[in-house]
$ cat data.pdb   # PDB, C-alpha atoms
ATOM      1  CA  MET A 654      12.137  55.917  71.004
ATOM      2  CA  PRO A 655       8.597  57.024  70.126
ATOM      3  CA  ALA A 656       7.200  56.057  66.760
ATOM      4  CA  SER A 657       6.145  59.591  65.953
ATOM      5  CA  PRO A 658       7.133  62.966  67.396
ATOM      6  CA  HIS A 659       3.437  63.762  67.626
ATOM      7  CA  ALA A 660       3.298  61.195  70.366
ATOM      8  CA  ILE A 661       5.618  63.426  72.397
ATOM      9  CA  GLN A 662       3.712  66.626  71.836
ATOM     10  CA  PRO A 663       0.133  67.076  70.649
ATOM     11  CA  ILE A 664      -0.203  69.128  67.454
ATOM     12  CA  PRO A 665      -1.462  72.412  68.995
ATOM     13  CA  GLU A 666       1.418  72.496  71.463
ATOM     14  CA  LEU A 667       3.847  71.615  68.720
ATOM     15  CA  PHE A 668       2.721  74.589  66.692
ATOM     16  CA  VAL A 669       3.097  76.935  69.642
ATOM     17  CA  THR A 670       6.580  75.500  70.205
ATOM     18  CA  ILE A 671       7.496  76.144  66.561
ATOM     19  CA  THR A 672       6.316  79.737  66.749
ATOM     20  CA  LEU A 673       7.916  80.442  70.123
ATOM     21  CA  THR A 674      11.184  78.897  68.906
ATOM     22  CA  ALA A 675      11.209  81.262  65.927
ATOM     23  CA  TRP A 676      10.440  84.185  68.258
ATOM     24  CA  HIS A 677      13.188  83.248  70.716
ATOM     25  CA  GLN A 678      15.710  82.900  67.897
ATOM     26  CA  GLN A 679      15.186  86.476  66.772
ATOM     27  CA  VAL A 680      15.090  87.831  70.337
ATOM     28  CA  LYS A 681      18.351  86.049  71.063
ATOM     29  CA  ARG A 682      20.018  87.387  67.934
ATOM     30  CA  ALA A 683      18.927  90.912  68.866
ATOM     31  CA  THR A 684      19.997  90.488  72.503
ATOM     32  CA  ASN A 685      23.443  89.309  71.438
ATOM     33  CA  LEU A 686      23.802  92.165  68.982
ATOM     34  CA  PHE A 687      22.694  94.932  71.350
ATOM     35  CA  GLN A 688      24.972  93.578  74.074
ATOM     36  CA  THR A 689      27.974  94.168  71.802
ATOM     37  CA  PHE A 690      27.073  97.860  71.296
ATOM     38  CA  SER A 691      28.785 100.340  73.602
ATOM     39  CA  THR A 692      27.008 103.586  74.599
ATOM     40  CA  GLU A 693      28.927 105.386  71.851
ATOM     41  CA  GLN A 694      28.168 102.721  69.257
ATOM     42  CA  LEU A 695      24.446 102.960  69.983
ATOM     43  CA  GLU A 696      24.681 106.546  68.734
ATOM     44  CA  LEU A 697      25.851 105.317  65.310
ATOM     45  CA  GLU A 698      23.421 105.545  62.389
ATOM     46  CA  ILE A 699      22.513 102.526  60.251
ATOM     47  CA  ALA A 700      23.414 104.767  57.276
ATOM     48  CA  PRO A 701      24.179 108.484  56.969
ATOM     49  CA  GLY A 702      21.171 110.508  58.123
ATOM     50  CA  ARG A 703      19.089 107.444  59.022
ATOM     51  CA  ASN A 704      17.964 105.974  62.361
ATOM     52  CA  ARG A 705      20.468 105.537  65.151
ATOM     53  CA  ALA A 706      20.945 102.076  66.656
ATOM     54  CA  LEU A 707      19.635 103.583  69.907
ATOM     55  CA  TYR A 708      16.363 104.504  68.217
ATOM     56  CA  LEU A 709      15.884 101.013  66.777
ATOM     57  CA  PHE A 710      16.715  99.544  70.180
ATOM     58  CA  GLY A 711      13.963 101.612  71.841
ATOM     59  CA  HIS A 712      11.642 100.960  68.892
ATOM     60  CA  LEU A 713      11.889  97.176  69.275
ATOM     61  CA  ILE A 714      11.462  97.397  73.068
ATOM     62  CA  ALA A 715       8.322  99.529  72.659
ATOM     63  CA  ALA A 716       6.893  97.308  69.904
ATOM     64  CA  ASN A 717       7.399  94.109  71.889
ATOM     65  CA  ASP A 718       6.239  95.685  75.180
ATOM     66  CA  GLY A 719       2.982  96.427  73.335
ATOM     67  CA  MET A 720       2.182  92.721  73.161
ATOM     68  CA  LEU A 721       1.326  92.754  76.883
ATOM     69  CA  PRO A 722      -1.890  94.822  76.547
ATOM     70  CA  LEU A 723      -2.567  93.359  73.090
ATOM     71  CA  PHE A 724      -2.613  89.836  74.524
ATOM     72  CA  GLY A 725      -4.492  90.868  77.672
ATOM     73  CA  LEU A 726      -1.428  90.221  79.828
ATOM     74  CA  GLY A 727      -1.424  93.576  81.608
ATOM     75  CA  GLU A 728      -0.161  97.074  80.900
ATOM     76  CA  ARG A 729       3.040  98.036  79.113
ATOM     77  CA  LEU A 730       6.078  97.985  81.400
ATOM     78  CA  TYR A 731       7.429 101.193  79.806
ATOM     79  CA  PRO A 732       4.519 103.242  78.406
ATOM     80  CA  GLN A 733       6.787 106.300  78.224
ATOM     81  CA  LEU A 734       8.577 104.710  75.236
ATOM     82  CA  GLU A 735       5.490 104.503  73.038
ATOM     83  CA  THR A 736       5.399 108.068  71.679
ATOM     84  CA  LEU A 737       9.165 108.411  71.557
ATOM     85  CA  PHE A 738       9.917 105.214  69.643
ATOM     86  CA  LEU A 739       6.687 104.182  67.903
ATOM     87  CA  ARG A 740       4.850 107.392  67.033
ATOM     88  CA  THR A 741       7.665 109.811  66.210
ATOM     89  CA  PRO A 742      10.833 109.472  64.121
ATOM     90  CA  ASP A 743      14.336 109.511  65.526
ATOM     91  CA  ARG A 744      15.589 112.878  66.844
ATOM     92  CA  SER A 745      12.055 114.296  67.241
ATOM     93  CA  GLU A 746      12.817 114.875  70.908
ATOM     94  CA  THR A 747      15.843 116.346  72.624
ATOM     95  CA  ALA A 748      16.090 113.716  75.362
ATOM     96  CA  TYR A 749      16.235 109.941  74.888
ATOM     97  CA  PRO A 750      16.816 107.201  77.455
ATOM     98  CA  SER A 751      20.461 106.185  77.644
ATOM     99  CA  GLY A 752      21.775 103.017  76.062
ATOM    100  CA  GLU A 753      22.387 101.564  79.529
ATOM    101  CA  THR A 754      18.764 102.242  80.494
ATOM    102  CA  LEU A 755      17.497 100.633  77.299
ATOM    103  CA  LYS A 756      19.609  97.552  77.940
ATOM    104  CA  ILE A 757      17.810  97.160  81.270
ATOM    105  CA  TYR A 758      14.399  97.749  79.657
ATOM    106  CA  TRP A 759      15.165  95.238  76.900
ATOM    107  CA  ALA A 760      16.040  92.537  79.431
ATOM    108  CA  GLU A 761      12.989  93.318  81.589
ATOM    109  CA  VAL A 762      10.505  93.284  78.712
ATOM    110  CA  HIS A 763      11.761  90.051  77.196
ATOM    111  CA  THR A 764      12.142  88.237  80.510
ATOM    112  CA  HIS A 765       8.625  89.278  81.424
ATOM    113  CA  LEU A 766       7.206  88.265  78.040
ATOM    114  CA  GLU A 767       8.898  84.884  78.253
ATOM    115  CA  ALA A 768       7.428  84.229  81.703
ATOM    116  CA  GLN A 769       3.978  85.243  80.491
ATOM    117  CA  PHE A 770       4.231  83.170  77.316
ATOM    118  CA  ASN A 771       5.320  80.124  79.312
ATOM    119  CA  GLU A 772       2.160  80.364  81.385
ATOM    120  CA  MET A 773      -0.186  80.613  78.397
ATOM    121  CA  GLU A 774      -2.185  77.530  77.496
ATOM    122  CA  PRO A 775      -1.688  76.519  73.832
ATOM    123  CA  ALA A 776      -5.357  77.229  73.074
ATOM    124  CA  THR A 777      -4.962  80.815  74.306
ATOM    125  CA  TRP A 778      -2.684  81.572  71.368
ATOM    126  CA  PHE A 779      -5.529  80.907  68.989
ATOM    127  CA  GLN A 780      -7.739  83.528  70.591
ATOM    128  CA  ARG A 781      -8.203  86.986  69.178
ATOM    129  CA  HIS A 782      -6.057  89.842  70.428
ATOM    130  CA  THR A 783      -7.580  92.919  72.056
ATOM    131  CA  ALA A 784      -7.173  95.153  68.982
ATOM    132  CA  MET A 785      -9.534  92.937  66.981
ATOM    133  CA  THR A 786     -13.316  92.816  67.263
ATOM    134  CA  ASN A 787     -14.965  89.469  67.786
ATOM    135  CA  GLU A 788     -16.820  89.909  64.496
ATOM    136  CA  ASP A 789     -13.650  90.444  62.462
ATOM    137  CA  TRP A 790     -12.047  87.495  64.130
ATOM    138  CA  GLN A 791     -14.956  85.213  63.238
ATOM    139  CA  LYS A 792     -14.258  86.060  59.606
ATOM    140  CA  GLU A 793     -10.482  85.765  59.872
ATOM    141  CA  PRO A 794      -9.654  83.305  62.660
ATOM    142  CA  HIS A 795      -6.037  83.076  61.518
ATOM    143  CA  ARG A 796      -5.527  86.636  62.794
ATOM    144  CA  ASN A 797      -4.910  85.729  66.420
ATOM    145  CA  LYS A 798      -2.229  86.104  69.092
ATOM    146  CA  LEU A 799       0.002  83.617  67.339
ATOM    147  CA  SER A 800      -0.107  85.588  64.095
ATOM    148  CA  VAL A 801       0.806  88.756  66.014
ATOM    149  CA  LEU A 802       3.802  86.970  67.514
ATOM    150  CA  LEU A 803       4.896  85.890  64.033
ATOM    151  CA  SER A 804       4.562  89.455  62.836
ATOM    152  CA  ARG A 805       6.664  90.754  65.743
ATOM    153  CA  THR A 806       9.247  88.068  64.960
ATOM    154  CA  SER A 807       9.632  89.296  61.390
ATOM    155  CA  HIS A 808       9.690  92.873  62.729
ATOM    156  CA  ILE A 809      12.801  92.130  64.812
ATOM    157  CA  SER A 810      14.402  90.530  61.770
ATOM    158  CA  TYR A 811      13.597  93.589  59.625
ATOM    159  CA  HIS A 812      15.555  95.900  61.917
ATOM    160  CA  LEU A 813      18.327  93.358  62.556
ATOM    161  CA  GLY A 814      19.014  93.535  58.836
ATOM    162  CA  GLN A 815      19.489  97.289  59.189
ATOM    163  CA  LEU A 816      21.542  97.086  62.377
ATOM    164  CA  ALA A 817      23.885  94.614  60.683
ATOM    165  CA  MET A 818      24.900  97.422  58.341
ATOM    166  CA  ILE A 819      26.579  99.414  61.121
ATOM    167  CA  ARG A 820      30.338  98.972  60.963
ATOM    168  CA  LEU A 821      31.575  98.710  64.561
TER     169      LEU A 821
ATOM    170  CA  MET B 312     -22.459  82.656  61.779
ATOM    171  CA  PRO B 313     -20.526  79.731  63.277
ATOM    172  CA  ALA B 314     -20.127  79.612  67.054
ATOM    173  CA  SER B 315     -16.385  79.183  66.891
ATOM    174  CA  PRO B 316     -13.823  79.814  64.159
ATOM    175  CA  HIS B 317     -12.441  76.369  64.832
ATOM    176  CA  ALA B 318     -15.661  75.029  63.425
ATOM    177  CA  ILE B 319     -14.673  76.537  60.073
ATOM    178  CA  GLN B 320     -11.147  75.194  59.998
ATOM    179  CA  PRO B 321      -9.696  72.281  61.989
ATOM    180  CA  ILE B 322      -6.760  73.258  64.216
ATOM    181  CA  PRO B 323      -3.892  71.782  62.095
ATOM    182  CA  GLU B 324      -5.133  73.597  59.012
ATOM    183  CA  LEU B 325      -5.466  76.798  60.992
ATOM    184  CA  PHE B 326      -1.762  76.569  61.957
ATOM    185  CA  VAL B 327      -0.766  76.177  58.363
ATOM    186  CA  THR B 328      -3.003  79.083  57.343
ATOM    187  CA  ILE B 329      -1.394  81.331  59.975
ATOM    188  CA  THR B 330       2.108  80.489  58.792
ATOM    189  CA  LEU B 331       1.286  80.725  55.100
ATOM    190  CA  THR B 332      -0.429  84.075  55.683
ATOM    191  CA  ALA B 333       2.733  85.424  57.344
ATOM    192  CA  TRP B 334       4.808  84.061  54.447
ATOM    193  CA  HIS B 335       2.547  85.559  51.784
ATOM    194  CA  GLN B 336       2.622  88.942  53.528
ATOM    195  CA  GLN B 337       6.396  89.150  53.288
ATOM    196  CA  VAL B 338       6.489  87.800  49.729
ATOM    197  CA  LYS B 339       3.904  90.387  48.707
ATOM    198  CA  ARG B 340       5.823  93.227  50.342
ATOM    199  CA  ALA B 341       8.975  92.130  48.543
ATOM    200  CA  THR B 342       7.163  91.667  45.225
ATOM    201  CA  ASN B 343       5.695  95.160  45.457
ATOM    202  CA  LEU B 344       9.059  96.666  46.350
ATOM    203  CA  PHE B 345      11.050  94.939  43.604
ATOM    204  CA  GLN B 346       8.414  95.880  41.032
ATOM    205  CA  THR B 347       9.071  99.562  41.757
ATOM    206  CA  PHE B 348      12.814  99.204  41.070
ATOM    207  CA  SER B 349      14.002 100.064  37.563
ATOM    208  CA  THR B 350      17.013  98.295  36.071
ATOM    209  CA  GLU B 351      19.159 101.270  37.098
ATOM    210  CA  GLN B 352      17.740 101.360  40.599
ATOM    211  CA  LEU B 353      18.499  97.677  41.109
ATOM    212  CA  GLU B 354      22.170  98.647  40.730
ATOM    213  CA  LEU B 355      21.918 100.951  43.778
ATOM    214  CA  GLU B 356      23.610  99.874  46.998
ATOM    215  CA  ILE B 357      21.744  99.625  50.299
ATOM    216  CA  ALA B 358      24.577 101.783  51.709
ATOM    217  CA  PRO B 359      27.942 102.897  50.283
ATOM    218  CA  GLY B 360      30.058  99.830  49.504
ATOM    219  CA  ARG B 361      27.386  97.344  50.603
ATOM    220  CA  ASN B 362      25.175  94.899  48.660
ATOM    221  CA  ARG B 363      23.321  96.085  45.593
ATOM    222  CA  ALA B 364      19.536  95.689  45.467
ATOM    223  CA  LEU B 365      20.121  93.335  42.531
ATOM    224  CA  TYR B 366      22.233  91.055  44.702
ATOM    225  CA  LEU B 367      19.615  90.910  47.449
ATOM    226  CA  PHE B 368      16.966  90.237  44.811
ATOM    227  CA  GLY B 369      18.906  87.225  43.505
ATOM    228  CA  HIS B 370      19.782  86.183  47.049
ATOM    229  CA  LEU B 371      16.118  85.968  48.091
ATOM    230  CA  ILE B 372      15.165  84.127  44.895
ATOM    231  CA  ALA B 373      17.936  81.557  45.444
ATOM    232  CA  ALA B 374      17.108  81.141  49.146
ATOM    233  CA  ASN B 375      13.410  80.598  48.504
ATOM    234  CA  ASP B 376      14.004  78.387  45.455
ATOM    235  CA  GLY B 377      15.996  76.152  47.816
ATOM    236  CA  MET B 378      12.813  75.198  49.662
ATOM    237  CA  LEU B 379      11.802  72.977  46.727
ATOM    238  CA  PRO B 380      14.499  70.295  47.287
ATOM    239  CA  LEU B 381      14.432  70.902  51.052
ATOM    240  CA  PHE B 382      10.729  70.042  51.167
ATOM    241  CA  GLY B 383      11.046  67.170  48.676
ATOM    242  CA  LEU B 384       9.100  69.128  46.058
ATOM    243  CA  GLY B 385      11.595  68.680  43.230
ATOM    244  CA  GLU B 386      14.765  70.381  42.088
ATOM    245  CA  ARG B 387      15.565  74.087  42.216
ATOM    246  CA  LEU B 388      14.117  75.997  39.259
ATOM    247  CA  TYR B 389      17.297  78.105  38.960
ATOM    248  CA  PRO B 390      20.266  76.117  40.329
ATOM    249  CA  GLN B 391      22.653  78.506  38.577
ATOM    250  CA  LEU B 392      21.791  81.181  41.155
ATOM    251  CA  GLU B 393      22.982  79.177  44.143
ATOM    252  CA  THR B 394      26.723  79.893  43.973
ATOM    253  CA  LEU B 395      26.265  83.429  42.720
ATOM    254  CA  PHE B 396      23.804  84.621  45.336
ATOM    255  CA  LEU B 397      24.121  82.241  48.284
ATOM    256  CA  ARG B 398      27.753  81.136  48.415
ATOM    257  CA  THR B 399      29.654  84.230  47.256
ATOM    258  CA  PRO B 400      29.341  87.931  48.140
ATOM    259  CA  ASP B 401      28.161  90.600  45.758
ATOM    260  CA  ARG B 402      30.555  91.502  42.922
ATOM    261  CA  SER B 403      32.486  88.203  43.199
ATOM    262  CA  GLU B 404      31.634  87.532  39.569
ATOM    263  CA  THR B 405      31.768  89.763  36.546
ATOM    264  CA  ALA B 406      28.413  88.741  35.079
ATOM    265  CA  TYR B 407      25.078  88.765  36.907
ATOM    266  CA  PRO B 408      21.587  88.099  35.560
ATOM    267  CA  SER B 409      19.819  91.312  34.582
ATOM    268  CA  GLY B 410      17.139  92.881  36.744
ATOM    269  CA  GLU B 411      14.541  91.982  34.106
ATOM    270  CA  THR B 412      15.614  88.337  34.212
ATOM    271  CA  LEU B 413      15.465  88.280  38.009
ATOM    272  CA  LYS B 414      11.960  89.746  37.937
ATOM    273  CA  ILE B 415      10.871  86.775  35.819
ATOM    274  CA  TYR B 416      12.686  84.306  38.093
ATOM    275  CA  TRP B 417      11.116  85.895  41.195
ATOM    276  CA  ALA B 418       7.629  85.512  39.766
ATOM    277  CA  GLU B 419       8.271  81.927  38.612
ATOM    278  CA  VAL B 420       9.732  80.752  41.910
ATOM    279  CA  HIS B 421       6.985  82.251  44.053
ATOM    280  CA  THR B 422       4.153  81.190  41.769
ATOM    281  CA  HIS B 423       5.552  77.678  41.736
ATOM    282  CA  LEU B 424       6.038  77.596  45.515
ATOM    283  CA  GLU B 425       2.503  78.824  46.059
ATOM    284  CA  ALA B 426       1.073  76.092  43.819
ATOM    285  CA  GLN B 427       3.146  73.452  45.628
ATOM    286  CA  PHE B 428       2.214  74.762  49.059
ATOM    287  CA  ASN B 429      -1.467  74.773  48.142
ATOM    288  CA  GLU B 430      -1.257  71.075  47.302
ATOM    289  CA  MET B 431       0.455  70.086  50.540
ATOM    290  CA  GLU B 432      -1.650  68.347  53.163
ATOM    291  CA  PRO B 433      -1.513  70.144  56.527
ATOM    292  CA  ALA B 434       0.158  67.119  58.157
ATOM    293  CA  THR B 435       2.998  67.288  55.611
ATOM    294  CA  TRP B 436       4.161  70.592  57.078
ATOM    295  CA  PHE B 437       4.925  68.860  60.357
ATOM    296  CA  GLN B 438       7.279  66.392  58.709
ATOM    297  CA  ARG B 439      11.043  66.768  58.736
ATOM    298  CA  HIS B 440      12.811  68.447  55.853
ATOM    299  CA  THR B 441      15.430  66.650  53.778
ATOM    300  CA  ALA B 442      18.419  68.382  55.439
ATOM    301  CA  MET B 443      17.554  66.819  58.793
ATOM    302  CA  THR B 444      18.143  63.226  59.839
ATOM    303  CA  ASN B 445      15.224  61.250  61.191
ATOM    304  CA  GLU B 446      17.087  60.824  64.477
ATOM    305  CA  ASP B 447      17.590  64.562  65.008
ATOM    306  CA  TRP B 448      13.990  65.183  64.132
ATOM    307  CA  GLN B 449      12.782  62.683  66.739
ATOM    308  CA  LYS B 450      14.622  64.782  69.325
ATOM    309  CA  GLU B 451      13.464  68.135  67.969
ATOM    310  CA  PRO B 452      10.125  67.626  66.212
ATOM    311  CA  HIS B 453       9.523  71.396  66.104
ATOM    312  CA  ARG B 454      12.269  71.636  63.485
ATOM    313  CA  ASN B 455      10.116  70.745  60.513
ATOM    314  CA  LYS B 456       8.980  72.212  57.178
ATOM    315  CA  LEU B 457       6.798  74.756  58.903
ATOM    316  CA  SER B 458       9.718  76.052  60.965
ATOM    317  CA  VAL B 459      11.808  76.383  57.809
ATOM    318  CA  LEU B 460       9.031  78.427  56.203
ATOM    319  CA  LEU B 461       8.950  80.709  59.260
ATOM    320  CA  SER B 462      12.697  81.125  59.034
ATOM    321  CA  ARG B 463      12.485  82.030  55.338
ATOM    322  CA  THR B 464       9.714  84.508  56.184
ATOM    323  CA  SER B 465      11.951  86.338  58.664
ATOM    324  CA  HIS B 466      14.768  86.146  56.122
ATOM    325  CA  ILE B 467      12.757  88.148  53.587
ATOM    326  CA  SER B 468      11.933  90.680  56.291
ATOM    327  CA  TYR B 469      15.616  90.993  57.221
ATOM    328  CA  HIS B 470      16.572  92.076  53.726
ATOM    329  CA  LEU B 471      13.441  94.197  53.219
ATOM    330  CA  GLY B 472      14.675  96.282  56.148
ATOM    331  CA  GLN B 473      17.900  96.866  54.236
ATOM    332  CA  LEU B 474      16.229  97.510  50.882
ATOM    333  CA  ALA B 475      14.004 100.142  52.527
ATOM    334  CA  MET B 476      17.152 102.181  53.108
ATOM    335  CA  ILE B 477      17.696 102.793  49.415
ATOM    336  CA  ARG B 478      16.539 106.278  48.469
ATOM    337  CA  LEU B 479      14.852 106.001  45.075
TER     338      LEU B 479
END

$ encode --input "data.pdb" --output "C-alpha cells"
Amino acid sequence: MPASPHAIQPIPELFVTITLTAWHQQVKRATNLFQTFSTEQLELEIAPGRNRALYLFGHLIAANDGMLPLFGLGERLYPQLETLFLRTPDRSETAYPSGETLKIYWAEVHTHLEAQFNEMEPATWFQRHTAMTNEDWQKEPHRNKLSVLLSRTSHISYHLGQLAMIRL
Amino acid sequence: MPASPHAIQPIPELFVTITLTAWHQQVKRATNLFQTFSTEQLELEIAPGRNRALYLFGHLIAANDGMLPLFGLGERLYPQLETLFLRTPDRSETAYPSGETLKIYWAEVHTHLEAQFNEMEPATWFQRHTAMTNEDWQKEPHRNKLSVLLSRTSHISYHLGQLAMIRL
C-alpha cells in the first residue's frame, strides 16, 4: 500500500479527477431521473404554470452541449436546441423535440463529452475557455475550463432540485 | 504582466481558489436570496404542500455547519439544528427557529467557515475528512475535503433551484 495517495496520482490529475467525479455524479443523477420519465410525464410542470420537465431536459442538453465550442472541442452536436432551450422560455414555440428524441440527444451529448474529457490532458483544464480574452484570464486565472465545468455541475443540480418536485 | 498565470499562483493553490470561488458564488447567491425574504415570506412553500423556505434555510445552515466537524475544524456552531433540519422533514416539530434567528445563524456559520477556510493550507484540502477511514481514502484519494466542498456547493444550488420557484 502506498504511503500517500499523492504517490498514486500527481496533484493536478487528482484535482481533475475530483472535479470530473463531481460532474459525473450529477450527470448520472440526471440520467437516472430522466430515464424514469415517460413521454407523458415529461409534459408535467415542476409547479403549476412553470417549466415542463421536457423544457428543463432540453435546457440541460443545450447548456452542456455548449461546452464543446467553449472548450475548443468542436461545434455543438445540436445547435438547433440553443434558441429553443437557452434563449427563450418554455412554450415560446409551438413545436418542441419529443421526449424520445431528447433522450437520444442527452445520451449522445454526455457520451461525447465524456470521451472528449477523457482525452484532455490535466493541464488543458487550467487553460482559458474561448469566451474569455487572454487579458481577462491573466487577471483571473481561476476562471478556466475547470471552473466552467464546476459551474455546469451546479447548474444540473439546480434543475434537479426543481425536477424532484414533480410528483410522478 | 506575468507570462503565465501559474507564475502568480502555484497549481495546488489555484485548485483551491477555483473550488472556493465556486463555493462562494453559491453562498453569495443564497445569502442575497434569503436576505430578500421577509419573516412572512420564509413561511411560503416552494410548491403546495412542499417544504417551506424557512425549512430549506435551516437545512442549508445545518448541512454547511456540519463541515466544521467533518473537516476537523471544531464542533458545529448550532448542533440543535441537526435533527430539526437534517434528520426530520418539515413540520415534524411544532417549534422552529424564527426567520430572524436563522438569518443570524446563516451569517455566523458562513463567516466562520470562510475564516476557517482562509486559514487552511492548500495541501489540507486534499486530506481525508473525518467520516472516511484511512483505508477507504487510500483507495479513493479523490474523496477528500475538497470533494466534500464541491458536493456542498451543488447542494446549495439544488435548493436554490427550488427556492427560485417561490413567487414573492

$ interface_residues --input "data.pdb" --of "chain B" --to "chain A" --cutoff "9 Å" --atoms "only C-alpha atoms" --output "ChimeraX atom specification"
/B:312-317,319-320,322-323,325-326,328-330,332-333,337,357-359,361,437,448-455,457-458,461-462,464-474,476

$ resolve_selection --input "data.pdb" --expression "the PyMOL selection byres ((chain A and resi 721) around 12)" --output "PyMOL selection string"
chain A and resi 714-720+722-732+762-763+765-770+782-784+798+801-802

$ residues_around --input "data.pdb" --residues "stretch 737-754 of chain A" --least-positions-apart "2" --cutoff "8 Å" --atoms "all atoms listed in the file" --output "PyMOL selection string"
chain A and resi 691-692+695+704-705+707-709+711-712+715-716+733-735+756-758

$ atom_distance --input "data.pdb" --atom1 "atom CA of B:Leu413" --atom2 "atom CA of B:Phe368"
7.2 Å

$ atom_distance --input "data.pdb" --atom1 "atom CA of B:Trp417" --atom2 "atom CA of B:Phe345"
9.4 Å

$ atom_distance --input "data.pdb" --atom1 "atom CA of B:Gln352" --atom2 "atom CA of A:Gly702"
20.1 Å
